[in-house]
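To start, the structure under review is shown below, and the notes come after it.
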Amino acid sequence: MISKRIIPCLDIRDGQVVKGQNFLDVKAVADPVELARFYNEQGADELVFYDITASVEGRGLFVDILRRVAAEIFIPLTVGGGIRTLADFDRVLKAGADKVSVNSGAIDDPSIIAKAAARYGSQCVVLSLDVKRVGGSYHVFARGGREDTGLDALDWAAAGVANGAGELVINSIDTDGVKQGFDLPLLDAVAARVSVPIIASGGAGNMAHFAELFQHPGVDAGLAASIFHHRQVLIPELKRYLRARGIEMRI
Amino acid sequence: MTVAIIDYGVGNLFSLRSSLDYLGIDNVLTGETAALRRADKLILPGVGAFGDAAAKLHERGLAAAICREAAAEKPLLGICLGMQLLFELSHEFGEHKGLALIPGTVEPLAPDLPSPALKVPHIGWNRLDIVRDDPLFKYFTPGSYVYYVHSFYAKGCAESTLATSEYGIPVTGAVRRGSVWGTQFHPEKSGAAGLALLRAFAEL
């Protein structure tokens, strides 16, 4: 059977991994290529790179990093951050990305999903949502979680899939950074609406949170950043722990 | 020894080239039939729709060239859609003829899966179970996982099946007939396990 996926996420600004400051070896881990190498050796199933740079110069550094990672790491690479047009897709795909994740870009122009799926195939298009509870429902937030779009997250996810998104990253603003576990009610609600793979993000604090996550059959992958960067959880140990609990893992 | 990666305008070939470069395997990306003749081995990659890809191979004279090289027993490896194109026929949105280098057809995965909980496309890492040993697996660690992304799969090809992956049903993972090999998964995205297969192919 297909294994559940463990995905470290690297936020990159001006050529450096953000949140990497607390590493034991500061110099080595600030370098995204070095960190990607480390995660690949550790058995990460996929890597996600978010470009959180605003400047043109930073964007150039990002593409350069991507190219260097793709030249030596042969697992799926997903790239997001600042993706708004087909030209943006093209730029990162040519540098070695396998999948491209759109978030605010799809909110501003929903047609980007269908256009990208038609050109590159659905397997290449990942819709990423930042979701927060507002009143009794789930809302999609834009601009890195700062702006309530008023869109219903479940409808937005379903529409994205109908338009050709091949995978969803569901990031819960409510659980993000709290380290008390993934947002299981939200993930279940999304899984009930779509049939594409779901990548859960936000809330992982320990290994048990991943075990809990994968009890939910609609969830395919768990994504985290700081707990991996800070080596609070080591991927080989996590995978052995999950496999011992009957969860299929690629080891 | 040069491997020609057949370029017919389908898909992103960055990873495939990079993985061969990484392994130190001399390679060339080409859509020229003369270059296919000069190369020692061929790789037919591909993502996207079968009908469109088959049409492009025919338009560019590549279908005939590939069949000629295969008839001369030049090792050929089809990857993903490239593997599917090796078969006789595909029922992906209509009926399309393939290169017919391996007996069998390409069919939609969804109707054959026993449970609706099994998502289509079949995306992710699945264990590759070897059915028949082959020089392609020379460096491959049995039980390793490989990376799949597909919605259609090869059927009626038991005689040429080298390996399968379990997804409610045994999904055709790797095939061989004579000097023609194919993998449904992406060796260039399957980490060390995939590199091991590419290395073995280069040494055939």
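Identifiers in the structure tokens: chain A, B, ... in order shown; residue index from 1 per chain; ligand index from 1 in order shown.
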For this session: Write out as a PyMOL selection string which residues come within 10 Å of stretch 173-175 of chain B when counting only C-alpha atoms, dropping same-chain ones fewer than 4 positions away.
Result: chain B and resi 77-80+83+86+102+126-132+134+136+146+148+153-154+157-166+180-186
Problem set entry | Residues within 12 Å of stretch 164-166 of chain A, only C-alpha atoms, excluding chain neighbours under 4 positions, as a ChimeraX atom specification | /A:99-103,106,110-129,156-160,194-199 /B:119-123,149-151
Exercise. When DSSP works through the backbone of this structure, what residues of stretch 44-181 of chain B end up as alpha helix (DSSP H), shown as a PyMOL selection string?
Worked result: chain B and resi 50-59+62-71+81-84
Could you turn the residues from that selection into a file that holds N, CA and C atoms, as a tab-separated table (two decimals), in the first residue's frame?
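Saved the output as part-v3.tsv:
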```
chain	number	residue	atom	x	y	z
B	50	PHE	N	-2.03	10.15	-22.85
B	50	PHE	CA	-1.51	9.13	-23.76
B	50	PHE	C	-1.71	9.51	-25.22
B	51	GLY	N	-2.95	9.89	-25.57
B	51	GLY	CA	-3.28	10.16	-26.96
B	51	GLY	C	-2.42	11.27	-27.55
B	52	ASP	N	-2.27	12.32	-26.77
B	52	ASP	CA	-1.48	13.47	-27.16
B	52	ASP	C	-0.01	13.08	-27.35
B	53	ALA	N	0.50	12.31	-26.41
B	53	ALA	CA	1.91	11.89	-26.46
B	53	ALA	C	2.16	10.97	-27.66
B	54	ALA	N	1.25	10.02	-27.88
B	54	ALA	CA	1.42	9.09	-29.00
B	54	ALA	C	1.41	9.86	-30.32
B	55	ALA	N	0.51	10.85	-30.41
B	55	ALA	CA	0.42	11.66	-31.64
B	55	ALA	C	1.73	12.41	-31.87
B	56	LYS	N	2.28	12.96	-30.80
B	56	LYS	CA	3.55	13.71	-30.93
B	56	LYS	C	4.69	12.80	-31.37
B	57	LEU	N	4.73	11.58	-30.85
B	57	LEU	CA	5.79	10.64	-31.26
B	57	LEU	C	5.68	10.31	-32.74
B	58	HIS	N	4.44	10.16	-33.22
B	58	HIS	CA	4.24	9.84	-34.64
B	58	HIS	C	4.57	11.02	-35.53
B	59	GLU	N	4.06	12.21	-35.14
B	59	GLU	CA	4.30	13.43	-35.93
B	59	GLU	C	5.79	13.68	-36.17
B	62	LEU	N	9.31	9.86	-34.43
B	62	LEU	CA	10.03	9.20	-33.35
B	62	LEU	C	9.50	7.80	-33.06
B	63	ALA	N	8.20	7.59	-33.30
B	63	ALA	CA	7.61	6.28	-33.02
B	63	ALA	C	8.32	5.22	-33.86
B	64	ALA	N	8.47	5.49	-35.15
B	64	ALA	CA	9.13	4.54	-36.04
B	64	ALA	C	10.59	4.36	-35.65
B	65	ALA	N	11.24	5.47	-35.30
B	65	ALA	CA	12.66	5.41	-34.92
B	65	ALA	C	12.87	4.57	-33.66
B	66	ILE	N	11.98	4.75	-32.67
B	66	ILE	CA	12.09	3.98	-31.42
B	66	ILE	C	11.91	2.49	-31.71
B	67	CYS	N	10.91	2.18	-32.54
B	67	CYS	CA	10.65	0.77	-32.87
B	67	CYS	C	11.84	0.15	-33.62
B	68	ARG	N	12.46	0.95	-34.51
B	68	ARG	CA	13.65	0.47	-35.23
B	68	ARG	C	14.78	0.14	-34.26
B	69	GLU	N	15.04	1.06	-33.33
B	69	GLU	CA	16.13	0.85	-32.37
B	69	GLU	C	15.83	-0.34	-31.47
B	70	ALA	N	14.56	-0.46	-31.07
B	70	ALA	CA	14.17	-1.59	-30.20
B	70	ALA	C	14.33	-2.91	-30.95
B	71	ALA	N	14.01	-2.90	-32.25
B	71	ALA	CA	14.16	-4.11	-33.06
B	71	ALA	C	15.63	-4.51	-33.17
B	81	LEU	N	4.32	7.60	-18.25
B	81	LEU	CA	3.59	7.56	-19.51
B	81	LEU	C	4.47	6.91	-20.59
B	82	GLY	N	5.77	7.11	-20.49
B	82	GLY	CA	6.72	6.48	-21.43
B	82	GLY	C	6.62	4.96	-21.39
B	83	MET	N	6.37	4.40	-20.21
B	83	MET	CA	6.16	2.95	-20.11
B	83	MET	C	4.83	2.56	-20.75
B	84	GLN	N	3.81	3.34	-20.47
B	84	GLN	CA	2.48	3.01	-21.02
B	84	GLN	C	2.50	3.01	-22.55
```
Taking a cut-off of 10 Å and counting only C-alpha atoms, can you build a table that, for each residue of chain B near chain A, reports the nearest atom pair and how far apart they are in Å (one decimal), sorted by chain then residue number, as JSON lines?
```
{"residue": "B:Val10", "atom": "CA", "partner": "A:Tyr120", "partner_atom": "CA", "distance": 9.4}
{"residue": "B:Gly11", "atom": "CA", "partner": "A:Tyr120", "partner_atom": "CA", "distance": 7.5}
{"residue": "B:Asn12", "atom": "CA", "partner": "A:Leu93", "partner_atom": "CA", "distance": 7.4}
{"residue": "B:Leu13", "atom": "CA", "partner": "A:Gly96", "partner_atom": "CA", "distance": 8.8}
{"residue": "B:Phe14", "atom": "CA", "partner": "A:Gly96", "partner_atom": "CA", "distance": 5.8}
{"residue": "B:Ser15", "atom": "CA", "partner": "A:Gly96", "partner_atom": "CA", "distance": 6.4}
{"residue": "B:Leu16", "atom": "CA", "partner": "A:Phe74", "partner_atom": "CA", "distance": 9.0}
{"residue": "B:Arg17", "atom": "CA", "partner": "A:Ala71", "partner_atom": "CA", "distance": 8.9}
{"residue": "B:Ser18", "atom": "CA", "partner": "A:Ala71", "partner_atom": "CA", "distance": 5.2}
{"residue": "B:Ser19", "atom": "CA", "partner": "A:Phe74", "partner_atom": "CA", "distance": 7.0}
{"residue": "B:Leu20", "atom": "CA", "partner": "A:Ala71", "partner_atom": "CA", "distance": 9.9}
{"residue": "B:Asp21", "atom": "CA", "partner": "A:Ala71", "partner_atom": "CA", "distance": 8.3}
{"residue": "B:Tyr22", "atom": "CA", "partner": "A:Glu72", "partner_atom": "CA", "distance": 6.5}
{"residue": "B:Leu23", "atom": "CA", "partner": "A:Glu72", "partner_atom": "CA", "distance": 9.6}
{"residue": "B:Val47", "atom": "CA", "partner": "A:Gly121", "partner_atom": "CA", "distance": 8.1}
{"residue": "B:Gly48", "atom": "CA", "partner": "A:Gly121", "partner_atom": "CA", "distance": 6.3}
{"residue": "B:Ala49", "atom": "CA", "partner": "A:Gly121", "partner_atom": "CA", "distance": 8.9}
{"residue": "B:Pro116", "atom": "CA", "partner": "A:Ser195", "partner_atom": "CA", "distance": 9.1}
{"residue": "B:Ala117", "atom": "CA", "partner": "A:Gly218", "partner_atom": "CA", "distance": 8.0}
{"residue": "B:Leu118", "atom": "CA", "partner": "A:Ser195", "partner_atom": "CA", "distance": 9.0}
{"residue": "B:Lys119", "atom": "CA", "partner": "A:Ser195", "partner_atom": "CA", "distance": 6.2}
{"residue": "B:Val120", "atom": "CA", "partner": "A:Val196", "partner_atom": "CA", "distance": 7.3}
{"residue": "B:Pro121", "atom": "CA", "partner": "A:Val196", "partner_atom": "CA", "distance": 7.7}
{"residue": "B:His122", "atom": "CA", "partner": "A:Ile2", "partner_atom": "CA", "distance": 8.1}
{"residue": "B:Ile123", "atom": "CA", "partner": "A:Pro197", "partner_atom": "CA", "distance": 7.8}
{"residue": "B:Gly124", "atom": "CA", "partner": "A:Ile2", "partner_atom": "CA", "distance": 6.2}
{"residue": "B:Trp125", "atom": "CA", "partner": "A:Ile2", "partner_atom": "CA", "distance": 5.5}
{"residue": "B:Asn126", "atom": "CA", "partner": "A:Ile2", "partner_atom": "CA", "distance": 4.4}
{"residue": "B:Arg127", "atom": "CA", "partner": "A:Met1", "partner_atom": "CA", "distance": 7.0}
{"residue": "B:Leu128", "atom": "CA", "partner": "A:Met1", "partner_atom": "CA", "distance": 9.7}
{"residue": "B:Gly143", "atom": "CA", "partner": "A:Ile251", "partner_atom": "CA", "distance": 9.4}
{"residue": "B:Ser144", "atom": "CA", "partner": "A:Arg250", "partner_atom": "CA", "distance": 7.6}
{"residue": "B:Tyr145", "atom": "CA", "partner": "A:Arg250", "partner_atom": "CA", "distance": 6.1}
{"residue": "B:Val146", "atom": "CA", "partner": "A:Arg250", "partner_atom": "CA", "distance": 8.9}
{"residue": "B:Tyr147", "atom": "CA", "partner": "A:Ile75", "partner_atom": "CA", "distance": 8.1}
{"residue": "B:Tyr148", "atom": "CA", "partner": "A:Ile2", "partner_atom": "CA", "distance": 9.2}
{"residue": "B:Val149", "atom": "CA", "partner": "A:Gln123", "partner_atom": "CA", "distance": 7.1}
{"residue": "B:His150", "atom": "CA", "partner": "A:Gln123", "partner_atom": "CA", "distance": 8.5}
{"residue": "B:Ser165", "atom": "CA", "partner": "A:Met1", "partner_atom": "CA", "distance": 7.2}
{"residue": "B:Glu166", "atom": "CA", "partner": "A:Met1", "partner_atom": "CA", "distance": 5.1}
{"residue": "B:Tyr167", "atom": "CA", "partner": "A:Met1", "partner_atom": "CA", "distance": 5.1}
{"residue": "B:Gly168", "atom": "CA", "partner": "A:Met1", "partner_atom": "CA", "distance": 7.4}
{"residue": "B:Ile169", "atom": "CA", "partner": "A:Met1", "partner_atom": "CA", "distance": 9.4}
{"residue": "B:Pro170", "atom": "CA", "partner": "A:Met1", "partner_atom": "CA", "distance": 9.6}
{"residue": "B:His186", "atom": "CA", "partner": "A:Ile75", "partner_atom": "CA", "distance": 9.6}
{"residue": "B:Pro187", "atom": "CA", "partner": "A:Phe74", "partner_atom": "CA", "distance": 8.5}
{"residue": "B:Glu188", "atom": "CA", "partner": "A:Phe74", "partner_atom": "CA", "distance": 5.9}
{"residue": "B:Lys189", "atom": "CA", "partner": "A:Ile75", "partner_atom": "CA", "distance": 4.5}
{"residue": "B:Ser190", "atom": "CA", "partner": "A:Ile75", "partner_atom": "CA", "distance": 5.7}
{"residue": "B:Gly191", "atom": "CA", "partner": "A:Phe74", "partner_atom": "CA", "distance": 4.9}
{"residue": "B:Ala192", "atom": "CA", "partner": "A:Phe74", "partner_atom": "CA", "distance": 7.7}
{"residue": "B:Ala193", "atom": "CA", "partner": "A:Phe74", "partner_atom": "CA", "distance": 9.9}
{"residue": "B:Gly194", "atom": "CA", "partner": "A:Phe74", "partner_atom": "CA", "distance": 8.3}
{"residue": "B:Leu195", "atom": "CA", "partner": "A:Phe74", "partner_atom": "CA", "distance": 8.2}
```
Exercise. DSSP on the backbone: what in chain B comes out strand (DSSP E or B), as a PyMOL selection string?
Worked result: chain B and resi 3-6+27-30+41-44+76-79+87-90+96-97+102-108+122-127+129-130+145-150+152-155+161-166+170-177+180-183
Problem set entry | Minimum-distance residue to A:Ala225, chosen among A:Pro8, A:Gly60, A:Gly81, A:Gly136 (using only C-alpha atoms) | A:Pro8
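The interatomic distance for the pair atom CA of A:His216 and atom CA of A:Lys179 works out to 18.4 Å.
The two atoms in question, atom CA of A:Arg143 and atom CA of A:Asp64, are spaced 24.6 Å apart.
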Exercise. When you draw a straight line from atom CA of B:Leu198 to atom CA of A:Ile7, how long is it in Å?
Worked result: 24.9 Å
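Restricting the calculation to only C-alpha atoms, the smallest distance between B:Pro103 and any of B:Arg60, B:Arg38, B:Gly156, B:Asp133 is found for B:Gly156.
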Problem set entry | Test item: residues at most 12 Å from A:Phe210, only C-alpha atoms, excluding those fewer than 6 positions along its chain, as an MDAnalysis selection string | chainID A and resid 4:7 179:184 199:204 216 219:224 227 233 235 238:243 245 247 249
